[in-house]
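A short write-up of the structure that comes next.
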Amino acid sequence: MPSAPDSAPACEALFARARAVVPGGVNSPVRAFRSVGGNPRFVTSARGPYLTDADGREYVDLIGSWGPMILGHTHPDVLAAVSEAAGRGFSYGTPSENEVALAEEIVARVEPVEQVRLVSSGTEATMSALRLARGITGRSRVVKFAGCYHGHVDALLAAAGSGVATFGLPDSAGVPASAAAETIVLPYNDVAALEAAFDTDGEHIAAVITEAAPGNMGVVPPLPGFTEALRRITREHGALLISDEVMTGFRCSRAGWYGLEGPYAAGAPDLFTFGKVMGGGFPAAAFGAPAGLMAALAPDGPVYQAGTLSGNPVATAAGLATLRGCTDAVYAHLDHAAKTIADAAASALTGAGVPHTIQWAGSMFSIFITDRTVTNYDDAKTTNAPAYAAFFHSMLDQGVHLPPSAFEAWFVSAAHDDAALDRVLAALPAAARAASESFATIAP
Ligand SMILES: Cc1ncc(COP(=O)(O)O)c(C=O)c1O
Ligand SMILES: N[C@H](C=O)CCC(=O)O
């Protein structure tokens, strides 16, 4: 593990304070820098493509709050919408127009979705979609794929990606055996494994849930035909298909991953989950489906789901302003910015003799330090985590904040202009050399 290279005394002091009163000093485990070493940066402000930390250092941000900040930080239109909404009240606990407008915006973009229920986090969205699928089918089992992360839902934490992958955990303590027993974990991109699971257990399987294009074991897009096969097999067995677009939704395209890969000849997924971009940096998420399926939800149907802050007026204002700001020009810019960084990273890593694979889902990408093409979680785990840590810290030293894990996607924004991109490009050669040196010392 590399030592923390640069000094960040104010951040270190805050981290020490945090560790006394917050488990691990962080409110979400992947922020803790555990797999890269050192101390997390405590941010005091964020604007455009930049974060500023408590020591006054500025970083080009390639985390983007793990996806939501598609327009960049503190975008003026979003700030104006949030300020205006907050001036009219923080939370009502009774309906308001922005909830309808946000639902309309989502439904207009993702063609198979006719209705959405708003919730406050991606975890709530996937948990609720799963309950709805179980309520509709009267079945209990769920199929998920190793390396996919759907939030910290009991039934979906087995072999999960994101922090569970970062810390090398097989699953989470505290999940009852009865909940885990209802979960079937399969390798991603493996149609034969899915067919075998349905041959054995098909009558008990309520749903297959998949990240529309996984980004939580690094980016591992579905192989051609995989999503079609999911649709075909679930339909043959009367199970529902849940496409988790919490990360990809409204980022990969106006209609998320579905907008890039769909429509599918075998039919659309039954249920979709959304989060991140649709909240514009505030806690808003959703799950949606054709109206016939959503009718099973309370108050119309028997599947109960609720939330004190669901459809919060400030969060919906932020989400609406963000989605409305996601123009074709924004998507074109994201593609350009991501490609500029990825091409330069590939050339720096090649120049330093570091084996690597760059994988894509729209403008989301990640770099695996491995010589394999990565099609599933076992492949992803061949990435050289210590070499990534060396790469990460060199970038951080040079003022570029990457995700502090080899298993997370890199996110760009509409605000990543030439000045920000130039700073990233200038940092890459030294970071690649650092990875190479680390790789040389640990490679077998
Ligand atoms: C694909 C996916 N699903 C679900 C979630 C859970 O969302 P949240 O962290 O908002 O609960 C995440 C991210 O955390 C995610 O990337
Ligand atoms: N990979 C996660 C979500 O997409 C990262 C966010 C978190 O869990 O803190």
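By convention here, the chains of the structure tokens are called A, B, ... in the order presented, each chain's residues are numbered starting at 1, and ligands are numbered starting at 1 in the order presented.
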Q: Please identify all polymer residues within 10 Å of Gly89 of chain A, counting only C-alpha atoms, omitting same-chain residues fewer than 2 positions from it, and present them as number ranges by chain.
A: A: 84-87, 91-92, 312-314
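Residues in contact range of Asp77 of chain A, defined as at most 10 Å between only C-alpha atoms, with sequence neighbours fewer than 3 positions away removed, read Leu71, Thr74, Ala80, Ala81, Val82, Ser83, Ala318, Ala321, Thr322, Arg324 and Gly325 of chain A.
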Save the residues we just selected, N, CA and C atoms, as a CSV table (one decimal), in the first residue's frame?
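Once written, part36.csv looks like this:
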chain,number,residue,atom,x,y,z
A,71,LEU,N,-23.8,18.1,-15.1
A,71,LEU,CA,-23.6,19.4,-15.6
A,71,LEU,C,-22.4,20.2,-15.0
A,74,THR,N,-22.4,23.1,-9.0
A,74,THR,CA,-23.1,24.4,-8.8
A,74,THR,C,-23.4,25.1,-10.1
A,80,ALA,N,-30.1,28.2,-9.4
A,80,ALA,CA,-31.3,29.1,-9.4
A,80,ALA,C,-32.5,28.3,-9.1
A,81,ALA,N,-32.7,27.1,-9.7
A,81,ALA,CA,-33.9,26.3,-9.4
A,81,ALA,C,-34.0,25.9,-8.0
A,82,VAL,N,-32.9,25.5,-7.4
A,82,VAL,CA,-32.8,25.0,-6.0
A,82,VAL,C,-33.1,26.2,-5.1
A,83,SER,N,-32.5,27.4,-5.3
A,83,SER,CA,-32.8,28.5,-4.5
A,83,SER,C,-34.2,28.9,-4.5
A,318,ALA,N,-34.0,20.4,-8.4
A,318,ALA,CA,-32.6,20.2,-8.8
A,318,ALA,C,-32.6,19.2,-10.0
A,321,ALA,N,-34.1,20.7,-13.2
A,321,ALA,CA,-33.2,21.6,-13.9
A,321,ALA,C,-32.0,20.9,-14.5
A,322,THR,N,-31.5,19.8,-13.9
A,322,THR,CA,-30.4,19.0,-14.4
A,322,THR,C,-30.8,18.3,-15.7
A,324,ARG,N,-33.3,19.0,-17.7
A,324,ARG,CA,-33.5,19.9,-18.8
A,324,ARG,C,-32.2,20.5,-19.3
A,325,GLY,N,-31.2,20.5,-18.5
A,325,GLY,CA,-29.9,21.0,-19.0
A,325,GLY,C,-29.1,20.0,-19.8
Q | Shortest interatomic distance to Ala380 of chain A - which of A:Gly218, A:Gly122, A:Pro9, A:Gly64, counting only C-alpha atoms | A |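 Distance minimum relative to Ala380 of chain A lands on A:Gly218.
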Q: Give me, please, the distance in Å between atom CA of Thr166 of chain A and atom CA of Ala387 of chain A, quoted to one decimal.
A: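 Atom-to-atom, atom CA of Thr166 of chain A and atom CA of Ala387 of chain A are spaced 14.1 Å apart.
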Would you write out, as a tab-separated table, a table of all residues in chain A that have an atom no more than 6 Å from an atom of ligand 1, listing for each the closest atom pair and the distance in Å to one decimal, considering only C-alpha atoms and all ligand atoms and ordering rows by chain and rising residue number?
residue	atom	partner	partner_atom_place_in_ligand_line	distance
A:Ser121	CA	ligand 1	10 (O)	3.9
A:Gly122	CA	ligand 1	7 (O)	3.2
A:Thr123	CA	ligand 1	11 (O)	3.6
A:Tyr149	CA	ligand 1	2 (C)	5.4
A:His150	CA	ligand 1	3 (N)	3.6
A:Gly151	CA	ligand 1	6 (C)	3.5
A:Glu211	CA	ligand 1	1 (C)	5.3
A:Asp244	CA	ligand 1	1 (C)	5.5
A:Glu245	CA	ligand 1	1 (C)	6.0
A:Val246	CA	ligand 1	2 (C)	4.7
A:Met247	CA	ligand 1	16 (O)	4.6
Residues within 7 Å of ligand 2, counting only C-alpha atoms and all ligand atoms: report them as a JSON list (two decimals) with N, CA and C atoms, in the first residue's frame.
[["chain", "number", "residue", "atom", "x", "y", "z"],
["A", 28, "SER", "N", -20.04, 6.89, 3.71],
["A", 28, "SER", "CA", -20.22, 5.84, 2.71],
["A", 28, "SER", "C", -18.83, 5.23, 2.50],
["A", 29, "PRO", "N", -18.70, 3.89, 2.62],
["A", 29, "PRO", "CA", -17.37, 3.30, 2.75],
["A", 29, "PRO", "C", -16.38, 3.61, 1.64],
["A", 30, "VAL", "N", -16.83, 3.73, 0.39],
["A", 30, "VAL", "CA", -15.84, 3.93, -0.69],
["A", 30, "VAL", "C", -15.10, 5.25, -0.58],
["A", 31, "ARG", "N", -15.61, 6.17, 0.24],
["A", 31, "ARG", "CA", -14.93, 7.47, 0.38],
["A", 31, "ARG", "C", -13.67, 7.38, 1.24],
["A", 66, "TRP", "N", -20.04, 10.53, -7.78],
["A", 66, "TRP", "CA", -20.36, 9.17, -8.22],
["A", 66, "TRP", "C", -21.46, 9.18, -9.27],
["A", 162, "SER", "N", -18.88, -2.12, -6.22],
["A", 162, "SER", "CA", -18.64, -0.89, -5.48],
["A", 162, "SER", "C", -17.82, -1.15, -4.23],
["A", 163, "GLY", "N", -18.22, -0.61, -3.07],
["A", 163, "GLY", "CA", -17.41, -0.75, -1.86],
["A", 163, "GLY", "C", -17.20, -2.20, -1.45],
["A", 216, "ASN", "N", -20.06, -0.75, -11.45],
["A", 216, "ASN", "CA", -19.63, -0.88, -10.06],
["A", 216, "ASN", "C", -18.60, -1.98, -9.83],
["A", 247, "MET", "N", -27.04, 4.37, -12.22],
["A", 247, "MET", "CA", -25.80, 5.01, -12.64],
["A", 247, "MET", "C", -25.85, 5.46, -14.10],
["A", 408, "GLU", "N", -14.40, 1.46, -9.61],
["A", 408, "GLU", "CA", -15.42, 2.48, -9.83],
["A", 408, "GLU", "C", -15.21, 3.15, -11.18]]
Q | Expected answer as a PyMOL selection string: helix (DSSP H, G or I) residues in segment 184-397 of chain A | A | chain A and resi 191-204+226-236+256-261+276-279+291-294+313-325+328-351+377-380+385-397
Could you list, with a cut-off of 12 Å and counting only C-alpha atoms, the residues of segment 15-124 of chain A near segment 390-393 of chain A, each shown with its nearest atom pair and the distance in Å rounded to one decimal, rows sorted by chain and ascending number, as a Markdown table?
| residue | atom | partner | partner_atom | distance |
| --- | --- | --- | --- | --- |
| A:Phe33 | CA | A:Phe392 | CA | 10.3 |
| A:Ser35 | CA | A:Phe392 | CA | 10.5 |
| A:Val36 | CA | A:Phe392 | CA | 7.3 |
| A:Gly37 | CA | A:His393 | CA | 8.7 |
| A:Gly38 | CA | A:His393 | CA | 8.7 |
| A:Asn39 | CA | A:His393 | CA | 10.7 |
| A:Pro40 | CA | A:His393 | CA | 11.1 |
| A:Arg41 | CA | A:His393 | CA | 11.9 |
| A:Leu62 | CA | A:Phe392 | CA | 11.3 |
Q | Nearby residues (only C-alpha atoms) at most 9 Å from Ala212 of chain A, same-chain spacing under 2 positions excluded, as a list in words | A |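 Final neighbour list, sorted by chain and number: Ile209, Thr210, Pro214, Pro221, Pro222, Thr227, Ile242, Ser243, Asp244, Glu245, Val246, Met247, Thr248, Gly249, Gly256, Trp257 and Tyr258 of chain A.
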Q.
Give me, as number ranges by chain, all polymer residues having an atom no more than 6 Å from Gly72 of chain A, counting only C-alpha atoms and skipping those fewer than 2 positions away in the same chain.
A. A: 48-49, 69-70, 413-415
Q) Skipping near chain neighbours, those fewer than 4 positions away, what residues fall within 7 Å of segment 195-208 of chain A using only C-alpha atoms, listed as a list in words? A)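 Skipping anything fewer than 4 positions along the chain leaves Ala133, Arg134, Thr137, Arg139, Ser140, Arg141, Val142, Val143, Lys144, Val191, His237, Ala239, Leu240, Leu241 and Ile242 of chain A.
Using only C-alpha atoms, the nearest neighbour of Val219 of chain A within the list A:Val164, A:Ala337, A:Ala352, A:Val374 is A:Val374.
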Q.
I'd like to know which of A:Ala108, A:Ala146, A:Ala46, A:Ala155 is closest to Val185 of chain A, using only C-alpha atoms.
A.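 Once distances to Val185 of chain A are computed over only C-alpha atoms, the minimum belongs to A:Ala146.
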(Q) Quick check, in Å to one decimal: how far apart do atom CA of Phe272 of chain A and atom CA of Pro290 of chain A lie? (A)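 Straight-line distance from atom CA of Phe272 of chain A to atom CA of Pro290 of chain A works out to 9.8 Å.
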Q: With a distance cut-off of 8 Å and only C-alpha atoms, select the neighbouring residues of Ala180 of chain A, excluding the residue or stretch itself and same-chain residues fewer than 3 positions from it, and output the selection as a PyMOL selection string.
A: chain A and resi 154-155+158+175-177+183
Q.
Quick one: residues within 9 Å of Gly319 of chain A, only C-alpha atoms, excluding same-chain residues fewer than 4 positions away - as JSON, numbers by chain?
A. {"A": [78, 102, 276, 277, 278, 279, 280, 281, 282, 284, 314, 315, 323, 324]}
Could you please take those selected residues and save N, CA and C atoms as an mmCIF file, in the first residue's frame?
data_model
loop_
_atom_site.group_PDB
_atom_site.id
_atom_site.type_symbol
_atom_site.label_atom_id
_atom_site.label_comp_id
_atom_site.auth_asym_id
_atom_site.auth_seq_id
_atom_site.Cartn_x
_atom_site.Cartn_y
_atom_site.Cartn_z
ATOM 1 N N VAL A 78 -29.145 25.139 -12.120
ATOM 2 C CA VAL A 78 -29.594 24.235 -11.055
ATOM 3 C C VAL A 78 -29.619 25.003 -9.731
ATOM 4 N N LEU A 102 -41.154 16.231 -12.885
ATOM 5 C CA LEU A 102 -39.988 15.337 -12.957
ATOM 6 C C LEU A 102 -40.402 13.967 -13.475
ATOM 7 N N LYS A 276 -29.125 9.242 -9.009
ATOM 8 C CA LYS A 276 -27.973 10.059 -9.391
ATOM 9 C C LYS A 276 -28.361 11.276 -10.253
ATOM 10 N N VAL A 277 -28.185 11.216 -11.601
ATOM 11 C CA VAL A 277 -28.395 12.396 -12.446
ATOM 12 C C VAL A 277 -29.782 13.000 -12.222
ATOM 13 N N MET A 278 -30.797 12.168 -12.049
ATOM 14 C CA MET A 278 -32.163 12.705 -11.958
ATOM 15 C C MET A 278 -32.393 13.484 -10.668
ATOM 16 N N GLY A 279 -31.432 13.455 -9.732
ATOM 17 C CA GLY A 279 -31.534 14.262 -8.520
ATOM 18 C C GLY A 279 -30.615 15.472 -8.560
ATOM 19 N N GLY A 280 -29.783 15.549 -9.593
ATOM 20 C CA GLY A 280 -28.915 16.717 -9.755
ATOM 21 C C GLY A 280 -28.010 16.988 -8.557
ATOM 22 N N GLY A 281 -27.695 15.947 -7.765
ATOM 23 C CA GLY A 281 -26.847 16.145 -6.588
ATOM 24 C C GLY A 281 -27.656 16.185 -5.295
ATOM 25 N N PHE A 282 -28.976 16.081 -5.414
ATOM 26 C CA PHE A 282 -29.842 16.033 -4.229
ATOM 27 C C PHE A 282 -30.442 14.629 -4.121
ATOM 28 N N ALA A 284 -32.741 12.244 -4.749
ATOM 29 C CA ALA A 284 -33.945 11.875 -5.496
ATOM 30 C C ALA A 284 -33.610 10.678 -6.367
ATOM 31 N N VAL A 314 -37.225 20.529 -3.167
ATOM 32 C CA VAL A 314 -35.910 21.077 -3.548
ATOM 33 C C VAL A 314 -35.173 20.064 -4.422
ATOM 34 N N ALA A 315 -35.248 18.780 -4.038
ATOM 35 C CA ALA A 315 -34.577 17.740 -4.827
ATOM 36 C C ALA A 315 -35.204 17.627 -6.223
ATOM 37 N N LEU A 323 -31.965 17.608 -15.605
ATOM 38 C CA LEU A 323 -32.390 16.874 -16.808
ATOM 39 C C LEU A 323 -32.639 17.842 -17.964
ATOM 40 N N ARG A 324 -33.254 18.974 -17.677
ATOM 41 C CA ARG A 324 -33.519 19.942 -18.759
ATOM 42 C C ARG A 324 -32.222 20.503 -19.327
#
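Of the listed residues (A:Val60, A:Ala385, A:Thr375, A:Asn189), A:Ala385 comes nearest to Ser405 of chain A; the distances count only C-alpha atoms.
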